[in-house]
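K.L.:
Have a peek at my_file30.cif (mmCIF, C-alpha atoms).
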data_data
loop_
_atom_site.label_atom_id
_atom_site.label_comp_id
_atom_site.auth_asym_id
_atom_site.auth_seq_id
_atom_site.Cartn_x
_atom_site.Cartn_y
_atom_site.Cartn_z
CA MET A 53 -58.42 -96.24 78.48
CA LYS A 54 -60.62 -98.64 80.41
CA LYS A 55 -62.60 -97.57 83.45
CA LYS A 56 -62.11 -99.39 86.72
CA THR A 57 -65.12 -100.13 88.88
CA TRP A 58 -65.08 -100.57 92.61
CA ILE A 59 -67.93 -102.76 93.90
CA LEU A 60 -68.93 -102.28 97.51
CA ALA A 61 -70.46 -105.60 98.52
CA SER A 62 -72.43 -106.70 101.54
CA SER A 63 -73.63 -110.29 101.80
CA LEU A 64 -76.35 -109.63 99.21
CA GLY A 65 -76.45 -106.00 98.08
CA LEU A 66 -74.19 -104.30 95.57
CA VAL A 67 -73.54 -100.59 95.14
CA LEU A 68 -71.57 -99.55 92.04
CA VAL A 69 -69.31 -96.57 91.98
CA VAL A 70 -67.34 -95.95 88.78
CA VAL A 71 -64.05 -94.13 89.04
CA SER A 72 -60.94 -93.73 86.90
CA VAL A 73 -57.80 -95.19 88.38
CA VAL A 74 -54.26 -94.66 87.15
CA ALA A 75 -51.99 -97.51 88.15
CA THR A 76 -48.39 -97.01 89.22
CA LEU A 77 -45.65 -98.34 86.93
CA LEU A 78 -43.13 -100.41 88.81
CA LEU A 79 -40.27 -101.73 86.69
CA THR A 80 -38.38 -103.78 89.24
CA PRO A 81 -38.84 -107.56 89.15
CA VAL A 82 -41.30 -108.92 91.70
CA LEU A 83 -41.11 -112.50 92.87
CA THR A 84 -43.30 -112.46 95.97
CA THR A 85 -45.87 -110.11 97.40
CA LYS A 86 -46.57 -109.61 101.08
CA ALA A 87 -50.35 -109.44 101.02
CA ARG A 88 -52.65 -107.80 103.52
CA GLY A 89 -54.11 -110.10 106.12
CA THR A 90 -52.92 -113.35 107.64
CA ALA A 91 -51.96 -116.76 106.33
CA THR A 92 -55.34 -118.04 107.47
CA ASN A 93 -57.18 -116.23 104.67
CA GLY A 94 -55.16 -117.78 101.86
CA VAL A 95 -53.19 -114.70 100.83
CA ASP A 96 -49.89 -116.51 101.35
CA ALA A 97 -50.94 -119.51 99.29
CA SER A 98 -48.87 -120.60 96.31
CA GLY A 99 -49.91 -119.76 92.77
CA THR A 100 -50.85 -123.36 91.95
CA PHE A 101 -54.57 -122.57 91.59
CA VAL A 102 -53.79 -119.93 88.95
CA ILE A 103 -51.54 -122.33 87.07
CA ALA A 104 -54.12 -125.12 87.30
CA TRP A 105 -56.80 -122.98 85.63
CA ASN A 106 -54.32 -121.90 82.98
CA LYS A 107 -53.51 -125.55 82.28
CA GLU A 108 -57.21 -126.32 82.01
CA LEU A 109 -57.67 -123.57 79.43
CA LEU A 110 -54.64 -124.83 77.53
CA LYS A 111 -56.24 -128.27 77.47
CA ILE A 112 -59.49 -126.83 76.15
CA VAL A 113 -58.00 -124.73 73.36
CA LYS A 114 -55.82 -127.65 72.25
CA THR A 115 -58.88 -129.89 71.90
CA PRO A 116 -60.08 -129.92 68.27
CA GLY A 117 -63.39 -128.12 67.93
CA ALA A 118 -63.50 -126.78 71.48
CA GLN A 119 -62.49 -123.23 70.61
CA PRO A 120 -65.11 -121.33 68.56
CA ALA A 121 -63.56 -120.79 65.12
CA THR A 122 -64.36 -117.08 65.02
CA ILE A 123 -63.25 -116.21 68.58
CA HIS A 124 -59.55 -115.75 69.14
CA PRO A 125 -58.19 -117.81 72.07
CA THR A 126 -56.27 -114.85 73.53
CA ARG A 127 -59.62 -113.33 74.50
CA SER A 128 -60.38 -116.36 76.69
CA TYR A 129 -56.97 -116.24 78.37
CA ALA A 130 -57.43 -112.55 79.16
CA ILE A 131 -60.92 -112.98 80.60
CA LEU A 132 -59.84 -115.95 82.73
CA HIS A 133 -56.84 -114.24 84.26
CA ALA A 134 -58.40 -110.80 84.63
CA ALA A 135 -61.18 -112.44 86.66
CA ILE A 136 -58.74 -114.35 88.86
CA TYR A 137 -56.52 -111.32 89.40
CA ASP A 138 -59.34 -108.92 90.28
CA ALA A 139 -60.83 -111.49 92.66
CA VAL A 140 -57.49 -111.93 94.45
CA VAL A 141 -56.56 -108.24 94.77
CA SER A 142 -60.08 -107.43 95.94
CA ILE A 143 -59.12 -109.37 99.06
CA THR A 144 -55.41 -108.56 99.39
CA GLY A 145 -55.85 -104.86 98.65
CA ASP A 146 -52.19 -104.60 97.68
CA ALA A 147 -52.66 -103.35 94.12
CA PRO A 148 -55.30 -101.68 91.98
CA ALA A 149 -57.68 -104.07 90.27
CA TYR A 150 -57.62 -104.42 86.51
CA LEU A 151 -61.33 -103.54 86.28
CA PHE A 152 -63.49 -104.57 89.27
CA SER A 153 -62.71 -104.48 92.97
CA VAL A 154 -65.10 -106.04 95.47
CA ALA A 155 -64.96 -104.81 99.06
CA ALA A 156 -64.47 -108.09 100.92
CA PRO A 157 -64.38 -108.88 104.65
CA SER A 158 -60.88 -109.13 106.08
CA GLY A 159 -61.25 -112.86 106.60
CA ALA A 160 -62.30 -113.66 103.03
CA ARG A 161 -60.16 -116.39 101.44
CA ALA A 162 -58.18 -115.18 98.42
CA ASP A 163 -57.53 -118.75 97.26
CA ALA A 164 -61.25 -119.54 97.26
CA ALA A 165 -61.90 -116.35 95.28
CA ALA A 166 -59.27 -117.31 92.69
CA ALA A 167 -60.66 -120.82 92.27
CA GLN A 168 -64.25 -119.63 91.91
CA ALA A 169 -63.38 -116.82 89.49
CA GLY A 170 -61.38 -119.16 87.28
CA HIS A 171 -64.17 -121.70 87.25
CA ASP A 172 -66.95 -119.24 86.51
CA ALA A 173 -65.05 -117.54 83.70
CA LEU A 174 -64.30 -120.81 81.90
CA VAL A 175 -67.79 -122.29 82.39
CA ALA A 176 -69.25 -119.18 80.75
CA LEU A 177 -66.79 -119.37 77.85
CA TYR A 178 -66.89 -123.18 77.41
CA PRO A 179 -70.21 -124.47 78.78
CA LYS A 180 -69.68 -127.94 77.30
CA TRP A 181 -66.73 -128.36 79.68
CA LYS A 182 -68.80 -127.64 82.78
CA ALA A 183 -68.51 -131.15 84.28
CA ALA A 184 -64.71 -131.13 84.13
CA LEU A 185 -64.53 -127.55 85.38
CA ASP A 186 -66.92 -128.30 88.25
CA ALA A 187 -64.72 -131.23 89.27
CA GLN A 188 -61.59 -129.07 89.27
CA LEU A 189 -63.30 -126.41 91.40
CA ALA A 190 -64.57 -128.99 93.87
CA GLY A 191 -61.10 -130.44 94.24
CA GLU A 192 -59.55 -127.05 94.92
CA LEU A 193 -62.23 -125.89 97.35
CA ALA A 194 -61.91 -129.17 99.25
CA THR A 195 -58.36 -128.16 100.22
CA ILE A 196 -59.59 -124.93 101.85
CA PRO A 197 -60.90 -125.10 105.42
CA SER A 198 -64.64 -124.61 105.75
CA GLY A 199 -65.92 -121.42 107.31
CA ALA A 200 -67.18 -117.92 106.63
CA GLY A 201 -63.93 -116.83 104.98
CA LYS A 202 -64.19 -119.58 102.39
CA GLN A 203 -67.77 -118.64 101.50
CA GLN A 204 -66.87 -114.95 101.39
CA GLY A 205 -64.02 -115.70 99.01
CA ILE A 206 -66.33 -117.74 96.79
CA GLN A 207 -68.76 -114.81 96.66
CA VAL A 208 -65.96 -112.43 95.66
CA GLY A 209 -64.90 -114.76 92.84
CA GLN A 210 -68.46 -115.14 91.59
CA THR A 211 -69.13 -111.40 91.64
CA VAL A 212 -65.95 -110.41 89.84
CA ALA A 213 -66.30 -113.07 87.13
CA THR A 214 -69.94 -112.17 86.49
CA ARG A 215 -69.19 -108.47 86.13
CA LEU A 216 -66.16 -109.03 83.91
CA LEU A 217 -68.00 -111.41 81.59
CA ALA A 218 -70.86 -108.92 81.28
CA THR A 219 -68.42 -106.19 80.31
CA ARG A 220 -66.91 -108.32 77.52
CA ALA A 221 -70.30 -109.45 76.18
CA THR A 222 -70.46 -106.40 73.92
CA ASP A 223 -66.78 -106.15 72.91
CA GLY A 224 -67.41 -106.90 69.23
CA SER A 225 -65.86 -110.36 69.30
CA ALA A 226 -69.17 -111.93 68.28
CA ASP A 227 -69.67 -109.60 65.33
CA LYS A 228 -69.70 -111.27 61.94
CA ALA A 229 -66.40 -110.76 60.16
CA SER A 230 -66.44 -108.82 56.91
CA PRO A 231 -66.04 -110.93 53.76
CA PHE A 232 -62.46 -111.00 52.60
CA VAL A 233 -61.78 -108.85 49.54
CA PRO A 234 -58.46 -109.66 47.85
CA GLY A 235 -56.10 -106.72 47.50
CA ASN A 236 -52.34 -106.73 47.77
CA TYR A 237 -52.69 -109.79 49.98
CA GLN A 238 -53.82 -112.90 48.12
CA LEU A 239 -55.12 -116.19 49.48
CA THR A 240 -52.31 -118.69 49.85
CA PRO A 241 -51.70 -122.31 48.85
CA PRO A 242 -52.33 -125.12 49.32
CA LYS A 243 -56.00 -124.62 50.25
CA PHE A 244 -56.43 -120.93 49.38
CA ALA A 245 -58.79 -120.70 52.35
CA ALA A 246 -60.36 -117.37 53.28
CA PRO A 247 -59.10 -115.79 56.52
CA VAL A 248 -61.33 -115.67 59.58
CA PHE A 249 -60.20 -112.71 61.69
CA THR A 250 -60.55 -109.97 59.07
CA THR A 251 -62.20 -107.55 61.52
CA TRP A 252 -60.66 -108.69 64.83
CA GLY A 253 -58.73 -105.43 64.87
CA ASN A 254 -62.06 -103.73 65.66
CA VAL A 255 -62.69 -105.73 68.85
CA THR A 256 -62.67 -103.55 71.97
CA PRO A 257 -59.27 -103.95 73.65
CA PHE A 258 -58.90 -104.83 77.33
CA VAL A 259 -56.40 -102.08 78.13
CA LEU A 260 -55.51 -100.21 74.93
CA ASN A 261 -57.71 -97.36 73.76
CA ASN A 262 -58.24 -99.02 70.37
CA GLY A 263 -56.57 -101.53 68.08
CA ALA A 264 -54.80 -98.83 66.06
CA GLN A 265 -53.25 -97.09 69.08
CA PHE A 266 -49.76 -98.41 68.35
CA ARG A 267 -50.22 -99.29 64.69
CA PRO A 268 -46.73 -99.58 63.16
CA GLY A 269 -45.67 -97.52 60.19
CA PRO A 270 -46.08 -98.98 56.71
CA PRO A 271 -43.86 -101.79 55.46
CA PRO A 272 -41.18 -100.87 52.94
CA ALA A 273 -42.26 -100.84 49.31
CA VAL A 274 -42.07 -104.26 47.69
CA THR A 275 -39.67 -102.74 45.16
CA SER A 276 -37.31 -101.40 47.87
CA GLN A 277 -33.88 -102.88 48.50
CA ALA A 278 -34.81 -103.63 52.12
CA TYR A 279 -37.83 -105.70 51.11
CA ILE A 280 -36.00 -107.45 48.28
CA GLN A 281 -33.17 -108.46 50.63
CA ALA A 282 -35.61 -109.74 53.25
CA LEU A 283 -37.65 -111.66 50.68
CA ASN A 284 -34.57 -113.31 49.18
CA GLU A 285 -33.61 -114.49 52.66
CA VAL A 286 -36.97 -116.23 53.07
CA LYS A 287 -36.78 -117.61 49.57
CA SER A 288 -33.49 -119.29 50.41
CA LEU A 289 -34.04 -120.37 54.01
CA GLY A 290 -37.78 -120.96 54.04
CA GLN A 291 -38.30 -123.22 51.05
CA ASN A 292 -39.46 -126.77 51.72
CA THR A 293 -36.45 -128.13 49.78
CA SER A 294 -33.94 -125.50 50.97
CA THR A 295 -30.28 -126.49 50.80
CA THR A 296 -29.14 -123.45 52.79
CA ARG A 297 -31.26 -124.05 55.92
CA THR A 298 -29.37 -126.09 58.51
CA ALA A 299 -30.75 -129.12 60.30
CA ASP A 300 -31.11 -127.12 63.52
CA GLN A 301 -32.92 -124.32 61.69
CA THR A 302 -35.36 -126.89 60.34
CA VAL A 303 -35.98 -128.12 63.89
CA ILE A 304 -36.54 -124.53 65.03
CA ALA A 305 -39.04 -123.92 62.23
CA LYS A 306 -41.09 -126.96 63.23
CA PHE A 307 -40.66 -126.57 67.00
CA TRP A 308 -42.37 -123.16 67.05
CA ALA A 309 -45.19 -124.01 64.63
CA GLY A 310 -47.92 -124.21 67.28
CA PRO A 311 -50.05 -121.31 68.57
CA ILE A 312 -47.48 -118.94 70.03
CA TRP A 313 -49.73 -117.67 72.86
CA ASN A 314 -50.02 -121.25 74.15
CA THR A 315 -46.24 -121.65 74.13
CA TRP A 316 -45.63 -118.47 76.10
CA ASN A 317 -48.29 -119.42 78.64
CA GLU A 318 -46.43 -122.69 79.18
CA ILE A 319 -43.20 -120.74 79.60
CA ALA A 320 -44.92 -118.59 82.23
CA GLU A 321 -46.22 -121.67 84.07
CA ASN A 322 -42.70 -123.08 84.31
CA ALA A 323 -41.28 -119.76 85.47
CA ALA A 324 -43.89 -119.29 88.19
CA LEU A 325 -43.28 -122.79 89.50
CA ALA A 326 -39.50 -122.41 89.39
CA HIS A 327 -39.60 -119.10 91.26
CA HIS A 328 -42.26 -120.26 93.76
CA THR A 329 -44.42 -117.18 93.21
CA ASN A 330 -47.29 -116.75 95.62
CA LEU A 331 -50.98 -116.48 94.74
CA GLU A 332 -51.14 -112.73 94.16
CA THR A 333 -47.91 -112.50 92.17
CA THR A 334 -48.88 -115.47 90.00
CA ALA A 335 -52.31 -113.98 89.38
CA ARG A 336 -50.73 -110.67 88.41
CA LEU A 337 -48.18 -112.38 86.13
CA PHE A 338 -50.82 -114.23 84.12
CA ALA A 339 -53.15 -111.23 84.02
CA VAL A 340 -50.49 -108.88 82.66
CA LEU A 341 -49.22 -111.52 80.23
CA ASN A 342 -52.60 -112.42 78.79
CA LEU A 343 -54.06 -108.93 78.72
CA SER A 344 -50.96 -108.03 76.71
CA PHE A 345 -51.49 -110.99 74.38
CA ALA A 346 -55.17 -110.19 73.86
CA ASP A 347 -54.60 -106.53 73.08
CA SER A 348 -51.56 -107.27 70.93
CA THR A 349 -53.65 -109.71 68.92
CA ILE A 350 -56.24 -107.00 68.31
CA ALA A 351 -53.40 -104.64 67.38
CA PHE A 352 -51.67 -106.97 64.94
CA TYR A 353 -54.91 -107.82 63.17
CA ASP A 354 -55.59 -104.11 62.85
CA ALA A 355 -52.19 -103.66 61.18
CA LYS A 356 -52.44 -106.79 59.03
CA TYR A 357 -55.69 -105.72 57.42
CA PHE A 358 -54.78 -102.05 57.24
CA TYR A 359 -51.67 -102.77 55.16
CA GLN A 360 -52.65 -106.12 53.59
CA LEU A 361 -49.08 -107.06 52.68
CA TRP A 362 -48.86 -110.27 50.69
CA ARG A 363 -47.19 -113.35 52.11
CA PRO A 364 -43.71 -114.44 50.97
CA VAL A 365 -45.15 -117.38 49.00
CA THR A 366 -47.20 -114.95 46.91
CA ALA A 367 -44.38 -112.45 46.52
CA ILE A 368 -41.94 -115.13 45.35
CA ARG A 369 -44.36 -116.84 42.99
CA LEU A 370 -45.44 -113.51 41.48
CA ALA A 371 -42.05 -111.76 41.62
CA LYS A 372 -42.23 -110.66 37.98
CA THR A 373 -45.59 -108.95 38.41
CA GLY A 374 -44.35 -107.31 41.61
CA GLY A 375 -41.72 -105.37 39.70
CA ASN A 376 -38.81 -106.93 41.58
CA PRO A 377 -36.02 -107.60 39.07
CA ALA A 378 -33.71 -108.44 41.98
CA VAL A 379 -35.95 -111.36 42.96
CA VAL A 380 -35.91 -114.34 40.64
CA GLY A 381 -39.50 -115.52 40.57
CA ASP A 382 -40.36 -119.16 41.14
CA PRO A 383 -44.00 -120.06 40.40
CA THR A 384 -43.58 -123.42 42.15
CA TRP A 385 -41.83 -122.15 45.31
CA THR A 386 -43.32 -123.77 48.40
CA PRO A 387 -42.59 -122.86 52.05
CA LEU A 388 -41.50 -125.44 54.61
CA ALA A 389 -44.78 -124.95 56.49
CA ALA A 390 -48.20 -124.25 54.99
CA THR A 391 -48.72 -120.50 55.11
CA ALA A 392 -50.98 -119.25 57.87
CA LEU A 393 -54.08 -117.26 56.98
CA ASP A 394 -54.05 -113.46 57.11
CA PRO A 395 -51.69 -110.84 55.63
CA SER A 396 -48.01 -110.89 56.49
CA TYR A 397 -47.28 -107.58 58.25
CA PRO A 398 -46.59 -107.80 61.15
CA SER A 399 -45.69 -111.32 62.29
CA ALA A 400 -47.93 -112.70 65.06
CA HIS A 401 -45.04 -114.76 66.43
CA GLY A 402 -42.96 -111.58 66.59
CA VAL A 403 -45.71 -109.64 68.35
CA ILE A 404 -46.61 -112.24 70.98
CA SER A 405 -42.97 -113.10 71.69
CA GLY A 406 -42.18 -109.40 72.12
CA ASP A 407 -44.97 -109.30 74.71
CA GLY A 408 -43.80 -112.43 76.47
CA ALA A 409 -40.20 -111.34 76.89
CA VAL A 410 -41.14 -107.92 78.29
CA VAL A 411 -43.64 -109.30 80.81
CA LEU A 412 -41.58 -112.23 82.07
CA SER A 413 -38.45 -110.07 82.29
CA ALA A 414 -40.39 -107.54 84.38
CA PHE A 415 -41.20 -110.27 86.89
CA PHE A 416 -38.05 -112.41 86.87
CA GLY A 417 -35.38 -110.44 85.04
CA ASN A 418 -34.31 -111.22 81.48
CA GLN A 419 -31.74 -113.82 82.51
CA ASP A 420 -33.40 -117.07 83.55
CA HIS A 421 -33.23 -120.83 83.09
CA ILE A 422 -35.81 -121.70 80.45
CA ARG A 423 -36.55 -125.23 79.30
CA LEU A 424 -39.19 -125.65 76.64
CA THR A 425 -40.94 -128.52 74.86
CA SER A 426 -43.19 -128.47 71.81
CA ASP A 427 -46.53 -130.05 71.00
CA VAL A 428 -45.44 -130.20 67.37
CA LEU A 429 -42.14 -131.99 68.01
CA PRO A 430 -42.71 -134.30 71.01
CA GLY A 431 -39.52 -135.26 72.79
CA VAL A 432 -37.53 -132.25 71.58
CA VAL A 433 -36.32 -129.90 74.33
CA ARG A 434 -34.80 -126.48 73.75
CA THR A 435 -33.11 -124.48 76.48
CA PHE A 436 -32.41 -120.77 76.80
CA THR A 437 -30.70 -118.46 79.28
CA SER A 438 -32.83 -115.37 78.65
CA TYR A 439 -36.33 -114.43 77.59
CA SER A 440 -34.92 -112.23 74.84
CA ASP A 441 -33.22 -115.31 73.39
CA VAL A 442 -36.57 -117.10 73.34
CA THR A 443 -38.09 -114.17 71.45
CA THR A 444 -35.26 -114.17 68.93
CA GLU A 445 -35.59 -117.86 68.15
CA ALA A 446 -39.38 -117.72 67.93
CA GLY A 447 -39.07 -114.92 65.38
CA LEU A 448 -36.40 -116.65 63.32
CA SER A 449 -38.57 -119.76 63.17
CA ARG A 450 -41.00 -117.91 60.93
CA ILE A 451 -38.25 -117.10 58.44
CA TYR A 452 -37.02 -120.71 58.43
CA ALA A 453 -40.60 -121.92 57.93
CA GLY A 454 -41.12 -119.59 54.95
CA GLN A 455 -43.89 -117.63 56.70
CA HIS A 456 -42.45 -114.15 57.20
CA THR A 457 -39.62 -111.84 56.27
CA ARG A 458 -37.24 -110.52 58.89
CA ILE A 459 -38.88 -107.09 58.55
CA GLU A 460 -42.28 -108.44 59.58
CA VAL A 461 -40.78 -110.27 62.56
CA GLN A 462 -38.84 -107.26 63.82
CA VAL A 463 -41.76 -104.84 63.48
CA GLY A 464 -44.01 -107.37 65.20
CA SER A 465 -41.62 -107.76 68.10
CA GLN A 466 -41.51 -104.00 68.62
CA LEU A 467 -45.30 -103.79 68.55
CA GLY A 468 -45.59 -106.52 71.16
CA GLN A 469 -43.02 -104.86 73.40
CA THR A 470 -44.85 -101.53 73.18
CA VAL A 471 -48.22 -103.05 74.05
CA ALA A 472 -46.75 -105.02 76.97
CA GLU A 473 -45.10 -101.91 78.39
CA PHE A 474 -48.42 -100.08 78.16
CA VAL A 475 -50.26 -102.87 79.97
CA ILE A 476 -47.56 -103.02 82.65
CA SER A 477 -47.94 -99.25 83.18
CA ASP A 478 -51.66 -99.77 83.70
CA LEU A 479 -51.56 -102.74 86.07
CA GLY A 480 -48.07 -102.36 87.52
CA VAL A 481 -45.62 -105.21 88.02
#
Let's see the structure in the file written out as structure tokens.

P.N.:
Amino acid sequence: MKKKTWILASSLGLVLVVVSVVATLLLTPVLTTKARGTATNGVDASGTFVIAWNKELLKIVKTPGAQPATIHPTRSYAILHAAIYDAVVSITGDAPAYLFSVAAPSGARADAAAAQAGHDALVALYPKWKAALDAQLAGELATIPSGAGKQQGIQVGQTVATRLLATRATDGSADKASPFVPGNYQLTPPKFAAPVFTTWGNVTPFVLNNGAQFRPGPPPAVTSQAYIQALNEVKSLGQNTSTTRTADQTVIAKFWAGPIWNTWNEIAENAALAHHTNLETTARLFAVLNLSFADSTIAFYDAKYFYQLWRPVTAIRLAKTGGNPAVVGDPTWTPLAATALDPSYPSAHGVISGDGAVVLSAFFGNQDHIRLTSDVLPGVVRTFTSYSDVTTEAGLSRIYAGQHTRIEVQVGSQLGQTVAEFVISDLGV
């Protein structure tokens, strides 16, 4: 498990004392937090600064070419929100930090700390965006009254972001990925492109002990009745010319085609705004959510390349060689959506959606009013009454799109739930 560091800061000097901290697991939903101090130091501010930096990162990762091809975006989300959260709780003192706690004067502004930490984290990760990020920081700091508390908050944000970025500099994310060696998993049409994140499962997690900590058991044999039944379902519903998939199922398949971690961050933004969460609660929400996403991504890549299960398109096209007499092979079968890179087990959509439902339910309860749009299908709106319903539909979308079997979705969802519960136990909700 990670070590938490408390930083005792004067105006210039730093003394480091490393201690292990076990956080308390709180399972009741939290909507607001009464922070230490007074309203004059920003602890009662809304969570809009946190949401604004999240929106800025969403904008960056959606910009073609902005995200380094070999660095998974969930790492950036986790670094951003861990920095903001640790900066805020360093001042409020109401909860253990994720990693670094700076001893701040009682008058230090938590909102200034959040703004500065968000800025510094993103400038380090995306230096080409510095001008836009500087402008956002200036706009936020302009809303905070001048004074010692503002400058003290800025110093806290700078210190926490610097320390956190230094910690992640040697996490293995920059290591060159191993060349892909075909095994049970085969490259998929139409481009037969080699996967990129072959060794992402070896990246140092943020909270988990290692990527294999919650590795799921093996998938059923490809000759088993369970696998055959699941594959036949995808073969019927997931084909590009399927006559069994309904019109709504086709919409679902396309609606959820974008990066699933982006979608759940947008869901979290809407929930925080709807519930009027304050600065500390919003910072905690996005930290728990994105630390869960980052570690779950490491975990699902570990499992994908440990088991190397072929994708449905390969299994269906090569059904005869797979020894599946119950599956009628079709060498021309094509999924509704082009198959994503990487082996099939478990489903990334299943994993991340399992995370999202657990975290958001811990804060707001499972039942909620959820309204969601899609970058892939502009103008289409889908509504839900629970976070578990969102998870279910996100998982089914991968079957309708011809990407995954039901087995891979269900195992992925359980993995995500397990990781999220572990992260919640570490940070507390």

K.L.:
Could you tell me how far atom CA of A:Lys114 sits from atom CA of A:Lys306, in Å to one decimal place?

P.N.:
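Those two atoms sit 17.3 Å apart.
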
K.L.:
Expanded to explicit residues, what is the PyMOL selection byres ((chain A and resi 98) around 6) for this file, as an MDAnalysis selection string?

P.N.:
chainID A and resid 97 99:100 330:331

K.L.:
Find the spatial neighbours of A:Ile143, counting only C-alpha atoms, within a cut-off of 7 Å - ignore same-chain residues fewer than 6 positions away - and output them as a list in words.

P.N.:
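Close residues of A:Ile143: Ala156, Ala160 and Ala162 of chain A.
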
K.L.:
Evaluate the PyMOL selection byres ((chain A and resi 445) around 12) here and jot the selected residues down as a ChimeraX atom specification.

P.N.:
/A:300-309,401-402,405-406,409,434-436,438-444,446-452,458,461-462,465

K.L.:
Produce a file of the selected residues containing C-alpha atoms, as a PDB file, in the frame of the given file.

P.N.:
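The resulting part.pdb:
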ATOM      1  CA  ASP A 300     -31.110-127.120  63.520  1.00  0.00           C
ATOM      2  CA  GLN A 301     -32.920-124.320  61.690  1.00  0.00           C
ATOM      3  CA  THR A 302     -35.360-126.890  60.340  1.00  0.00           C
ATOM      4  CA  VAL A 303     -35.980-128.120  63.890  1.00  0.00           C
ATOM      5  CA  ILE A 304     -36.540-124.530  65.030  1.00  0.00           C
ATOM      6  CA  ALA A 305     -39.040-123.920  62.230  1.00  0.00           C
ATOM      7  CA  LYS A 306     -41.090-126.960  63.230  1.00  0.00           C
ATOM      8  CA  PHE A 307     -40.660-126.570  67.000  1.00  0.00           C
ATOM      9  CA  TRP A 308     -42.370-123.160  67.050  1.00  0.00           C
ATOM     10  CA  ALA A 309     -45.190-124.010  64.630  1.00  0.00           C
ATOM     11  CA  HIS A 401     -45.040-114.760  66.430  1.00  0.00           C
ATOM     12  CA  GLY A 402     -42.960-111.580  66.590  1.00  0.00           C
ATOM     13  CA  SER A 405     -42.970-113.100  71.690  1.00  0.00           C
ATOM     14  CA  GLY A 406     -42.180-109.400  72.120  1.00  0.00           C
ATOM     15  CA  ALA A 409     -40.200-111.340  76.890  1.00  0.00           C
ATOM     16  CA  ARG A 434     -34.800-126.480  73.750  1.00  0.00           C
ATOM     17  CA  THR A 435     -33.110-124.480  76.480  1.00  0.00           C
ATOM     18  CA  PHE A 436     -32.410-120.770  76.800  1.00  0.00           C
ATOM     19  CA  SER A 438     -32.830-115.370  78.650  1.00  0.00           C
ATOM     20  CA  TYR A 439     -36.330-114.430  77.590  1.00  0.00           C
ATOM     21  CA  SER A 440     -34.920-112.230  74.840  1.00  0.00           C
ATOM     22  CA  ASP A 441     -33.220-115.310  73.390  1.00  0.00           C
ATOM     23  CA  VAL A 442     -36.570-117.100  73.340  1.00  0.00           C
ATOM     24  CA  THR A 443     -38.090-114.170  71.450  1.00  0.00           C
ATOM     25  CA  THR A 444     -35.260-114.170  68.930  1.00  0.00           C
ATOM     26  CA  ALA A 446     -39.380-117.720  67.930  1.00  0.00           C
ATOM     27  CA  GLY A 447     -39.070-114.920  65.380  1.00  0.00           C
ATOM     28  CA  LEU A 448     -36.400-116.650  63.320  1.00  0.00           C
ATOM     29  CA  SER A 449     -38.570-119.760  63.170  1.00  0.00           C
ATOM     30  CA  ARG A 450     -41.000-117.910  60.930  1.00  0.00           C
ATOM     31  CA  ILE A 451     -38.250-117.100  58.440  1.00  0.00           C
ATOM     32  CA  TYR A 452     -37.020-120.710  58.430  1.00  0.00           C
ATOM     33  CA  ARG A 458     -37.240-110.520  58.890  1.00  0.00           C
ATOM     34  CA  VAL A 461     -40.780-110.270  62.560  1.00  0.00           C
ATOM     35  CA  GLN A 462     -38.840-107.260  63.820  1.00  0.00           C
ATOM     36  CA  SER A 465     -41.620-107.760  68.100  1.00  0.00           C
TER      37      SER A 465
END

K.L.:
Excluding A:Leu289 and any residue of its chain fewer than 5 positions from it, enumerate the residues within 8 Å of it, using all atoms listed in the file, and give them as a PyMOL selection string.

P.N.:
chain A and resi 294-297+451-454

K.L.:
Quick one: which residues end up in the PyMOL selection byres ((chain A and resi 260) around 8) for this structure, as a PyMOL selection string?

P.N.:
chain A and resi 53-54+257-259+261-263+265+347+471+474-475

K.L.:
Between A:Thr122, A:Ser348, A:Thr391, A:Thr250, which residue has the minimum interatomic distance to A:Gln469, considering all atoms listed in the file?

P.N.:
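Under the stated criterion, the closest residue is A:Ser348.
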
K.L.:
When you get a chance, write out N, CA and C atoms for stretch 419-425 of chain A, as a compact mmCIF listing (two decimals), in the coordinates of the input.

P.N.:
# COMPACT_ATOMS: atom_id res chain seq x y z
N GLN A 419 -32.53 -112.61 82.39
CA GLN A 419 -31.74 -113.82 82.51
C GLN A 419 -32.47 -114.85 83.37
N ASP A 420 -32.69 -116.04 82.81
CA ASP A 420 -33.40 -117.07 83.55
C ASP A 420 -33.07 -118.42 82.92
N HIS A 421 -33.43 -119.48 83.62
CA HIS A 421 -33.23 -120.83 83.09
C HIS A 421 -34.55 -121.29 82.47
N ILE A 422 -34.57 -121.41 81.16
CA ILE A 422 -35.81 -121.70 80.45
C ILE A 422 -35.66 -123.00 79.68
N ARG A 423 -36.55 -123.93 79.97
CA ARG A 423 -36.55 -125.23 79.30
C ARG A 423 -37.91 -125.42 78.67
N LEU A 424 -37.93 -125.69 77.37
CA LEU A 424 -39.19 -125.65 76.64
C LEU A 424 -39.36 -126.88 75.77
N THR A 425 -40.59 -127.42 75.76
CA THR A 425 -40.94 -128.52 74.86
C THR A 425 -41.98 -128.02 73.86
